[in-house]
$ cat input.txt   # compact mmCIF, C-alpha atoms
# COMPACT_ATOMS: atom_id res chain seq x y z
CA MET I 1 -15.67 -5.47 -84.54
CA GLU I 2 -13.60 -6.10 -81.44
CA THR I 3 -13.78 -3.23 -78.97
CA ARG I 4 -12.06 -3.10 -75.61
CA CYS I 5 -12.27 -0.17 -73.23
CA ILE I 6 -9.50 0.33 -70.71
CA SER I 7 -9.91 3.11 -68.16
CA GLY I 8 -7.01 4.83 -66.47
CA TRP I 9 -4.84 6.29 -69.15
CA PHE I 10 -3.12 8.40 -66.57
CA LEU I 11 -0.89 10.51 -68.78
CA LEU I 12 -3.68 11.36 -71.21
CA CYS I 13 -6.03 12.24 -68.38
CA LEU I 14 -3.36 14.32 -66.65
CA LEU I 15 -2.62 16.24 -69.83
CA SER I 16 -6.32 16.86 -70.40
CA VAL I 17 -6.83 18.09 -66.86
CA LEU I 18 -3.79 20.36 -66.97
CA THR I 19 -5.12 22.06 -70.10
CA SER I 20 -8.31 22.99 -68.20
CA SER I 21 -8.28 26.36 -66.48
CA SER I 22 -10.64 25.30 -63.71
CA LEU I 23 -10.29 21.91 -62.07
CA SER I 24 -13.45 22.32 -60.02
CA PHE I 25 -15.82 22.49 -63.00
CA SER I 26 -14.11 20.80 -65.92
CA VAL I 27 -14.43 17.02 -66.02
CA SER I 28 -12.00 14.98 -68.11
CA GLU I 29 -12.38 11.28 -68.79
CA CYS I 30 -10.31 9.02 -70.99
CA SER I 31 -10.37 5.45 -72.27
CA GLN I 32 -8.95 3.27 -75.01
CA ILE I 33 -10.79 1.70 -77.94
CA ILE I 34 -9.38 -0.97 -80.23
CA GLY I 35 -10.95 -1.39 -83.68
CA ILE I 36 -10.39 -3.67 -86.68
CA GLU I 37 -9.32 -2.17 -89.99
CA GLY I 38 -12.11 -2.07 -92.58
CA GLN I 39 -14.91 -2.27 -90.00
CA ASN I 40 -16.87 0.34 -88.06
CA VAL I 41 -15.91 1.53 -84.59
CA THR I 42 -17.89 3.37 -81.93
CA LEU I 43 -16.48 5.83 -79.41
CA PRO I 44 -19.15 5.87 -76.70
CA PHE I 45 -19.96 9.02 -74.72
CA LYS I 46 -23.08 10.42 -73.07
CA TYR I 47 -23.57 13.60 -71.05
CA ASP I 48 -26.31 14.34 -68.51
CA ALA I 49 -28.90 16.00 -70.72
CA LYS I 50 -31.63 15.43 -68.14
CA SER I 51 -29.94 17.62 -65.54
CA HIS I 52 -28.25 20.19 -67.79
CA GLY I 53 -30.50 20.20 -70.83
CA LEU I 54 -29.41 19.83 -74.45
CA GLN I 55 -25.96 21.26 -75.07
CA HIS I 56 -23.74 22.04 -78.03
CA ILE I 57 -21.10 19.35 -78.42
CA CYS I 58 -18.22 18.75 -80.78
CA TRP I 59 -15.86 15.88 -81.57
CA GLY I 60 -12.31 16.54 -82.72
CA LYS I 61 -9.16 14.57 -83.38
CA GLY I 62 -6.59 15.45 -80.78
CA ILE I 63 -6.60 16.90 -77.25
CA ILE I 64 -9.49 19.25 -76.47
CA PRO I 65 -8.09 22.79 -75.91
CA SER I 66 -8.62 24.64 -72.62
CA SER I 67 -11.17 26.97 -74.21
CA GLY I 68 -13.18 27.26 -77.37
CA GLY I 69 -14.45 24.31 -79.36
CA CYS I 70 -12.57 21.31 -80.73
CA ASP I 71 -9.29 21.31 -82.62
CA ASN I 72 -9.51 19.41 -85.91
CA GLU I 73 -13.28 19.24 -85.52
CA ILE I 74 -14.90 16.30 -87.29
CA ILE I 75 -18.54 16.64 -86.20
CA SER I 76 -20.68 18.90 -84.00
CA THR I 77 -24.32 19.35 -82.91
CA ASP I 78 -26.52 22.10 -81.49
CA GLY I 79 -27.91 19.62 -78.99
CA SER I 80 -30.73 18.23 -81.11
CA GLU I 81 -29.19 17.66 -84.55
CA VAL I 82 -25.86 17.50 -86.34
CA THR I 83 -24.80 20.91 -87.64
CA ARG I 84 -21.37 20.18 -89.14
CA ARG I 85 -19.26 17.21 -90.12
CA SER I 86 -16.03 16.84 -92.04
CA SER I 87 -16.92 13.49 -93.63
CA VAL I 88 -19.92 11.20 -94.02
CA ARG I 89 -17.84 8.53 -92.27
CA TYR I 90 -18.50 10.31 -88.97
CA GLN I 91 -21.97 9.79 -87.52
CA LEU I 92 -23.83 10.28 -84.25
CA LEU I 93 -26.30 7.40 -84.24
CA GLY I 94 -27.42 7.71 -80.62
CA GLU I 95 -30.42 9.61 -79.23
CA LEU I 96 -29.12 13.18 -79.13
CA LYS I 97 -32.07 14.32 -77.00
CA THR I 98 -30.95 11.97 -74.23
CA GLY I 99 -27.35 13.20 -74.36
CA ASP I 100 -26.03 10.16 -76.27
CA VAL I 101 -23.35 11.59 -78.55
CA THR I 102 -21.53 8.33 -79.27
CA LEU I 103 -19.33 8.75 -82.32
CA THR I 104 -19.37 6.07 -85.03
CA ILE I 105 -16.57 5.97 -87.60
CA SER I 106 -17.22 3.72 -90.60
CA ASN I 107 -14.68 1.78 -92.67
CA ILE I 108 -11.76 2.64 -90.41
CA THR I 109 -8.13 2.60 -91.54
CA GLU I 110 -4.78 2.96 -89.80
CA LYS I 111 -4.96 6.72 -90.43
CA ASP I 112 -7.95 6.89 -88.06
CA SER I 113 -5.85 5.79 -85.09
CA GLY I 114 -5.03 8.44 -82.51
CA THR I 115 -6.66 10.51 -79.77
CA TYR I 116 -10.22 11.82 -80.11
CA GLY I 117 -11.90 14.33 -77.84
CA CYS I 118 -15.52 15.34 -77.20
CA ARG I 119 -16.48 18.68 -75.66
CA VAL I 120 -19.84 19.46 -74.05
CA GLN I 121 -20.13 23.24 -74.15
CA TYR I 122 -22.01 24.27 -71.00
CA VAL I 123 -22.98 27.90 -70.49
CA GLY I 124 -20.42 29.78 -68.42
CA TRP I 125 -16.66 30.01 -68.10
CA PHE I 126 -14.31 27.02 -67.83
CA ASN I 127 -16.98 24.48 -66.96
CA ASP I 128 -17.13 22.49 -70.21
CA GLU I 129 -17.14 18.71 -69.92
CA LYS I 130 -14.34 16.97 -71.81
CA TYR I 131 -13.88 13.37 -72.80
CA HIS I 132 -10.85 11.81 -74.47
CA VAL I 133 -10.42 8.39 -76.07
CA SER I 134 -7.41 6.74 -77.67
CA LEU I 135 -8.27 4.73 -80.79
CA THR I 136 -5.95 1.94 -81.92
CA ILE I 137 -6.53 0.23 -85.26
CA GLU I 138 -5.50 -3.38 -85.73
CA LYS I 139 -5.18 -5.08 -89.10
CA ALA I 140 -7.89 -7.52 -90.05
CA ARG I 141 -6.92 -11.12 -89.52
CA VAL I 142 -6.72 -13.14 -92.72
CA PRO I 143 -8.31 -16.58 -92.24
CA THR I 144 -5.91 -19.45 -92.90
CA THR I 145 -6.92 -22.68 -94.58
CA SER I 146 -5.31 -25.97 -93.63
CA GLN I 147 -5.04 -28.96 -95.92
CA THR I 148 -5.28 -32.47 -94.56
CA SER I 149 -3.46 -35.38 -96.10
CA ALA I 150 -5.19 -38.70 -96.66
CA ASN I 151 -4.26 -42.02 -98.24
CA VAL I 152 -6.06 -43.34 -101.32
CA THR I 153 -5.70 -47.10 -101.79
CA ILE I 154 -6.23 -48.59 -105.27
CA THR I 155 -6.35 -52.39 -105.64
CA PRO I 156 -6.02 -53.45 -109.31
CA GLN I 157 -7.66 -56.68 -110.58
CA THR I 158 -6.43 -58.76 -113.55
CA MET I 159 -8.14 -61.48 -115.62
CA ASP I 160 -6.21 -64.23 -113.84
CA ASN I 161 -7.40 -62.81 -110.48
CA HIS I 162 -3.82 -62.44 -109.26
CA ASP I 163 -3.46 -59.86 -106.53
CA HIS I 164 -0.54 -57.57 -107.30
CA GLY I 165 -0.92 -55.72 -103.99
CA PRO I 166 -2.40 -52.33 -103.18
CA VAL I 167 -1.04 -49.15 -104.71
CA THR I 168 -1.03 -46.26 -102.19
CA THR I 169 -1.01 -42.61 -103.23
CA THR I 170 -1.42 -39.37 -101.27
CA SER I 171 -4.33 -36.96 -101.80
CA THR I 172 -5.38 -33.67 -100.10
CA GLU I 173 -8.64 -32.23 -98.78
CA TYR I 174 -10.47 -35.57 -98.78
CA SER I 175 -9.80 -39.28 -98.31
CA SER I 176 -11.42 -42.29 -99.96
CA THR I 177 -10.64 -45.90 -100.87
CA LEU I 178 -11.11 -46.95 -104.48
CA TYR I 179 -11.22 -50.50 -105.69
CA TYR I 180 -11.49 -51.99 -109.15
CA SER I 181 -14.80 -53.79 -109.41
CA GLU I 182 -14.66 -57.53 -109.72
CA SER I 183 -17.62 -57.33 -112.05
CA LYS I 184 -15.27 -56.35 -114.89
CA SER I 185 -13.32 -59.59 -114.49
CA GLU I 186 -16.54 -61.59 -114.21
CA THR I 187 -17.92 -59.94 -117.34
CA ARG I 188 -14.74 -60.67 -119.27
CA GLY I 189 -14.79 -64.29 -118.08
CA HIS I 190 -18.42 -64.65 -119.10
CA ASN I 191 -17.74 -63.24 -122.54
CA LEU I 192 -14.79 -65.60 -122.98
CA ALA I 193 -16.94 -68.58 -122.00
CA VAL I 194 -19.59 -67.59 -124.53
CA ILE I 195 -16.97 -67.28 -127.27
CA LEU I 196 -15.41 -70.65 -126.42
CA GLY I 197 -18.84 -72.28 -126.29
CA SER I 198 -19.74 -70.87 -129.68
CA ILE I 199 -16.49 -72.15 -131.19
CA LEU I 200 -17.12 -75.59 -129.68
CA LEU I 201 -20.62 -75.71 -131.11
CA VAL I 202 -19.32 -74.74 -134.55
CA LEU I 203 -16.62 -77.42 -134.43
CA THR I 204 -19.17 -80.01 -133.29
CA GLY I 205 -21.47 -79.07 -136.16
CA VAL I 206 -18.64 -79.31 -138.65
CA GLY I 207 -17.71 -82.73 -137.30
CA ILE I 208 -21.29 -84.03 -137.57
CA VAL I 209 -21.61 -82.74 -141.13
CA SER I 210 -18.29 -84.35 -142.04
CA VAL I 211 -19.44 -87.72 -140.64
CA LEU I 212 -22.69 -87.57 -142.59
CA VAL I 213 -20.89 -86.72 -145.82
CA MET I 214 -18.41 -89.57 -145.35
CA ARG I 215 -21.26 -91.97 -144.58
CA LYS I 216 -23.06 -91.13 -147.82
CA ARG I 217 -19.85 -91.61 -149.76
CA TRP I 218 -19.33 -95.06 -148.23
CA GLU I 219 -22.90 -96.03 -149.06
CA ARG I 220 -22.38 -95.03 -152.72
CA VAL I 221 -19.12 -97.00 -152.88
CA ALA I 222 -20.85 -100.04 -151.40
CA MET I 223 -23.67 -99.88 -153.97
CA VAL I 224 -21.15 -99.69 -156.84
CA LEU I 225 -19.28 -102.74 -155.56
CA GLN I 226 -22.49 -104.75 -155.28
CA MET I 227 -23.33 -104.05 -158.91
$ encode --input "input.txt" --output "structure tokens"
Amino acid sequence: METRCISGWFLLCLLSVLTSSSLSFSVSECSQIIGIEGQNVTLPFKYDAKSHGLQHICWGKGIIPSSGGCDNEIISTDGSEVTRRSSVRYQLLGELKTGDVTLTISNITEKDSGTYGCRVQYVGWFNDEKYHVSLTIEKARVPTTSQTSANVTITPQTMDNHDHGPVTTTSTEYSSTLYYSESKSETRGHNLAVILGSILLVLTGVGIVSVLVMRKRWERVAMVLQM
């Protein structure tokens, strides 16, 4: 939650003071709070419970009237505990016995924006303490994701080891360089050599057998001629 307090809302303060019947006893303060939609927001306020004792207080949406309680009351206490509330979204999480009546609004929306007022109801006429705050709700920022472009280089290899040049493509989110492994070409070459060697051995064997057969035939022919 992003909260910024800016004192000196002159017009709001002036309006609050003018609605008070006695300027000598009624105290009006005002500030501005900025909250983020969907989060919780706190409207801080604390009265002097040590000097004046525990007092009835109320929070309302809108300007506090010159007399009475709070218009559009959303929560109130008898000084020591919460007595009424219009919704569970409104809470007083501070120490009430110390005068901390900070208002917390949970899961805020744009409808929650506007002026809020707190009234401390002191005994006597026209001496209540008033506090006003203007709440502005901003929309939650949606995080943006950026994609980075990177080049992927692929170098193909052929059996004749001719380099046909790199092939460059574009990829996103990551970059890497891929190469065809030369081991494939070496494996193919090795297999080819084995095949050729096997063929050569077979041909050599066939040739040797052929020579032996021809030799035996010549020996038989020679023996016949001698007879």
$ residues_around --input "input.txt" --residues "range 42-54 of chain I" --least-positions-apart "3" --cutoff "10 Å" --atoms "all atoms listed in the file" --output "VMD selection string"
chain I and resid 1 3 5 29 31 to 35 57 77 to 80 90 to 106 116 to 123 129 to 135
$ atom_distance --input "input.txt" --atom1 "CA of Asn72 in chain I" --atom2 "CA of His56 in chain I"
16.5 Å
$ atom_distance --input "input.txt" --atom1 "CA of Ile108 in chain I" --atom2 "CA of Ser86 in chain I"
14.9 Å
$ atom_distance --input "input.txt" --atom1 "CA of Val88 in chain I" --atom2 "CA of Gly60 in chain I"
14.6 Å
$ residues_around --input "input.txt" --residues "Ser76 in chain I" --least-positions-apart "4" --cutoff "8 Å" --atoms "only C-alpha atoms" --output "list in words"
His56, Ile57, Cys58, Trp59, Val82, Thr83, Arg84 and Arg85 of chain I
$ closest_residue --input "input.txt" --among "I:Val224, I:Val209, I:Cys70, I:Val194" --to "Asp128 in chain I" --atoms "only C-alpha atoms"
I:Cys70
